[in-house]
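Down below is the structure, laid out as structure tokens.
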Amino acid sequence: MSETTRPRARRQVVGRRPGLTPYYFIAEQTQEHLVLQSHPDANKRAGYRVMARGGAFLLLALLIFCLGVISGAQLPGGSFGSIAITTLVGGFLAGLGFLRFTGGLAVASTANQITVDAQERTITFIQTNRIARQRKQTLGFEQVARLRFRPRFFITTGLLSRRYRIMGFELVTTDDEVWLIDSAVAPDALEATAVALATLLEQDIEVSTTALGPARAEP
């Protein structure tokens, strides 16, 4: 008799962005519909930092290429080798810079949305940006085992990174997978979102004292 294979648990890949302040705001709310929208500037700062690094690589690549051409022109018989080497190095840095710049643009232009439809009994996570195609994940109401507040640890990015204790508002699936809805240092900042979602799902909200973490922000 063959063994029944258990379906793989569905992991969250869209809309997971822990932070010190709420990432989402209530854009639309009715008795049967709820739309949580990411704040317009939520990802811009992180994206611009990556774009700046990419721009620096592109400028460095241009500088190396120009220096190679000038140096090759001043050395009799050595122009071809000098230009070849600088083109190789400059091309590598230019490619790296282009990837970082476009990646930063994708982050800066990213918008996430969570739509809860009581009639369809679905929770849909949608992510869009100016570079990549739309990403979407959907959970049925029957896949949500419970909602909860749970402490997390959050580490800021940058040279002066700091560790903070934040409160996460999460849903736990029937496969025991944790999907982050939102987070903030002050739990009160998440109350409106938590109540709105719990009302549509007709579920209570648990409060856990066990901390989960650490985590960093991601689009």
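Letters A, B, ... mark the chains of the structure tokens in the order given; residue numbers begin at 1 per chain; ligand numbers begin at 1, in order shown.
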Sel. of strand (DSSP E or B) residues, range 17-213 of chain A, as a VMD selection string: chain A and resid 24 to 29 33 to 38 111 to 117 122 to 128 135 to 140 144 to 155 163 to 173 178 to 184 205 to 207 212 to 213
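Near range 28-33 of chain A, within a cut-off of 10 Å and counting only C-alpha atoms, sit the residues Thr115, Val116, Asp117, Ala118, Gln119, Glu120, Arg121, Ala196, Leu197, Thr199, Leu200 and Leu201 of chain A, with same-chain residues fewer than 5 positions away left out.
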The selected residues should be written to file as a PDB file, in the first residue's frame (atoms: N, CA and C atoms).
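And here is the file that came out, out-v6.pdb:
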```
ATOM      1  N   THR A 115      -6.084  41.648   0.113  1.00  0.00           N
ATOM      2  CA  THR A 115      -7.528  41.783  -0.098  1.00  0.00           C
ATOM      3  C   THR A 115      -8.245  40.608   0.554  1.00  0.00           C
ATOM      4  N   VAL A 116      -9.197  40.917   1.398  1.00  0.00           N
ATOM      5  CA  VAL A 116      -9.987  39.888   2.085  1.00  0.00           C
ATOM      6  C   VAL A 116     -11.418  39.975   1.578  1.00  0.00           C
ATOM      7  N   ASP A 117     -11.912  38.877   1.002  1.00  0.00           N
ATOM      8  CA  ASP A 117     -13.243  38.837   0.404  1.00  0.00           C
ATOM      9  C   ASP A 117     -14.075  37.792   1.140  1.00  0.00           C
ATOM     10  N   ALA A 118     -15.076  38.267   1.897  1.00  0.00           N
ATOM     11  CA  ALA A 118     -15.903  37.353   2.684  1.00  0.00           C
ATOM     12  C   ALA A 118     -16.821  36.515   1.809  1.00  0.00           C
ATOM     13  N   GLN A 119     -17.240  37.046   0.663  1.00  0.00           N
ATOM     14  CA  GLN A 119     -18.094  36.267  -0.232  1.00  0.00           C
ATOM     15  C   GLN A 119     -17.314  35.123  -0.875  1.00  0.00           C
ATOM     16  N   GLU A 120     -16.128  35.418  -1.384  1.00  0.00           N
ATOM     17  CA  GLU A 120     -15.286  34.381  -1.988  1.00  0.00           C
ATOM     18  C   GLU A 120     -14.550  33.561  -0.939  1.00  0.00           C
ATOM     19  N   ARG A 121     -14.517  34.080   0.294  1.00  0.00           N
ATOM     20  CA  ARG A 121     -13.811  33.445   1.414  1.00  0.00           C
ATOM     21  C   ARG A 121     -12.330  33.239   1.071  1.00  0.00           C
ATOM     22  N   ALA A 196     -10.370  44.488  12.051  1.00  0.00           N
ATOM     23  CA  ALA A 196     -11.052  44.386  10.762  1.00  0.00           C
ATOM     24  C   ALA A 196     -10.895  42.988  10.162  1.00  0.00           C
ATOM     25  N   LEU A 197      -9.682  42.437  10.216  1.00  0.00           N
ATOM     26  CA  LEU A 197      -9.449  41.107   9.658  1.00  0.00           C
ATOM     27  C   LEU A 197     -10.132  40.029  10.487  1.00  0.00           C
ATOM     28  N   THR A 199     -12.754  40.285  12.269  1.00  0.00           N
ATOM     29  CA  THR A 199     -14.207  40.370  12.099  1.00  0.00           C
ATOM     30  C   THR A 199     -14.650  39.621  10.842  1.00  0.00           C
ATOM     31  N   LEU A 200     -13.942  39.816   9.732  1.00  0.00           N
ATOM     32  CA  LEU A 200     -14.307  39.133   8.495  1.00  0.00           C
ATOM     33  C   LEU A 200     -14.069  37.628   8.583  1.00  0.00           C
ATOM     34  N   LEU A 201     -13.019  37.231   9.267  1.00  0.00           N
ATOM     35  CA  LEU A 201     -12.715  35.804   9.397  1.00  0.00           C
ATOM     36  C   LEU A 201     -13.518  35.141  10.516  1.00  0.00           C
TER      37      LEU A 201
END
```
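The space between CA of Ala52 in chain A and CA of Gly104 in chain A spans 8.2 Å.
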Between CA of Ser208 in chain A and CA of Phe149 in chain A, distance in Å (one decimal): 6.0 Å
A:Tyr164, A:Leu147, A:Glu191, A:Ala108 ranked by distance to Asp204 in chain A, top pick (using only C-alpha atoms): A:Leu147
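Taking CA of Leu190 in chain A and CA of Glu170 in chain A as the two end points, the separation is 10.9 Å.
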From A:Val172, A:Ala61, A:Val185, A:Ala84, residue lying nearest Phe154 in chain A [only C-alpha atoms]: A:Val185
Counting only C-alpha atoms, the option among A:Val35, A:Ala194, A:Leu20, A:Val50 closest to Met167 in chain A: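 Result for the nearest residue to Met167 in chain A: A:Leu20.
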In range 80-218 of chain A, DSSP helix (DSSP H, G or I) residues written as a VMD selection string: chain A and resid 80 to 108 141 to 143 187 to 201
Residue contacts of range 173-177 of chain A (10 Å, only C-alpha atoms) excluding same-chain residues fewer than 5 positions away, as a list in words: Pro7, Arg8, Ala9, Arg10, Arg11, Gln12, Leu139, Gly140, Phe141, Glu142, Gln143, Val144, Ala145, Arg146 and Leu147 of chain A
Export N, CA and C atoms of the chosen residues as a PDB file, in the first residue's frame?
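Wrote again.pdb, looks like this:
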```pdb
ATOM      1  N   PRO A   7       0.527  17.282   1.265  1.00  0.00           N
ATOM      2  CA  PRO A   7       0.808  18.456   0.448  1.00  0.00           C
ATOM      3  C   PRO A   7       1.794  19.391   1.143  1.00  0.00           C
ATOM      4  N   ARG A   8       2.646  20.039   0.360  1.00  0.00           N
ATOM      5  CA  ARG A   8       3.619  20.961   0.930  1.00  0.00           C
ATOM      6  C   ARG A   8       2.920  22.172   1.517  1.00  0.00           C
ATOM      7  N   ALA A   9       3.418  22.612   2.677  1.00  0.00           N
ATOM      8  CA  ALA A   9       2.852  23.788   3.326  1.00  0.00           C
ATOM      9  C   ALA A   9       3.102  25.024   2.460  1.00  0.00           C
ATOM     10  N   ARG A  10       2.152  25.935   2.461  1.00  0.00           N
ATOM     11  CA  ARG A  10       2.270  27.147   1.652  1.00  0.00           C
ATOM     12  C   ARG A  10       2.977  28.218   2.470  1.00  0.00           C
ATOM     13  N   ARG A  11       4.154  28.620   2.028  1.00  0.00           N
ATOM     14  CA  ARG A  11       4.932  29.639   2.718  1.00  0.00           C
ATOM     15  C   ARG A  11       4.640  31.012   2.123  1.00  0.00           C
ATOM     16  N   GLN A  12       4.683  32.001   2.971  1.00  0.00           N
ATOM     17  CA  GLN A  12       4.426  33.368   2.523  1.00  0.00           C
ATOM     18  C   GLN A  12       5.643  33.919   1.785  1.00  0.00           C
ATOM     19  N   LEU A 139      -5.013  32.547   0.007  1.00  0.00           N
ATOM     20  CA  LEU A 139      -5.379  31.596   1.050  1.00  0.00           C
ATOM     21  C   LEU A 139      -6.897  31.588   1.186  1.00  0.00           C
ATOM     22  N   GLY A 140      -7.469  30.413   1.366  1.00  0.00           N
ATOM     23  CA  GLY A 140      -8.883  30.319   1.671  1.00  0.00           C
ATOM     24  C   GLY A 140      -9.122  30.498   3.167  1.00  0.00           C
ATOM     25  N   PHE A 141     -10.294  30.967   3.527  1.00  0.00           N
ATOM     26  CA  PHE A 141     -10.609  31.143   4.938  1.00  0.00           C
ATOM     27  C   PHE A 141     -10.390  29.841   5.714  1.00  0.00           C
ATOM     28  N   GLU A 142     -10.680  28.700   5.060  1.00  0.00           N
ATOM     29  CA  GLU A 142     -10.554  27.420   5.748  1.00  0.00           C
ATOM     30  C   GLU A 142      -9.097  27.048   6.027  1.00  0.00           C
ATOM     31  N   GLN A 143      -8.157  27.760   5.386  1.00  0.00           N
ATOM     32  CA  GLN A 143      -6.739  27.490   5.613  1.00  0.00           C
ATOM     33  C   GLN A 143      -6.164  28.283   6.782  1.00  0.00           C
ATOM     34  N   VAL A 144      -6.951  29.190   7.330  1.00  0.00           N
ATOM     35  CA  VAL A 144      -6.495  30.010   8.447  1.00  0.00           C
ATOM     36  C   VAL A 144      -6.917  29.359   9.759  1.00  0.00           C
ATOM     37  N   ALA A 145      -5.936  28.914  10.518  1.00  0.00           N
ATOM     38  CA  ALA A 145      -6.230  28.242  11.783  1.00  0.00           C
ATOM     39  C   ALA A 145      -6.499  29.241  12.909  1.00  0.00           C
ATOM     40  N   ARG A 146      -5.709  30.315  12.935  1.00  0.00           N
ATOM     41  CA  ARG A 146      -5.891  31.305  14.003  1.00  0.00           C
ATOM     42  C   ARG A 146      -5.150  32.589  13.666  1.00  0.00           C
ATOM     43  N   LEU A 147      -5.515  33.652  14.365  1.00  0.00           N
ATOM     44  CA  LEU A 147      -4.838  34.937  14.281  1.00  0.00           C
ATOM     45  C   LEU A 147      -4.194  35.212  15.630  1.00  0.00           C
TER      46      LEU A 147
END
```
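Across A:Phe25, A:Phe153, A:Phe57, A:Phe65, the tightest approach to Thr86 in chain A is made by A:Phe65 when counting only C-alpha atoms.
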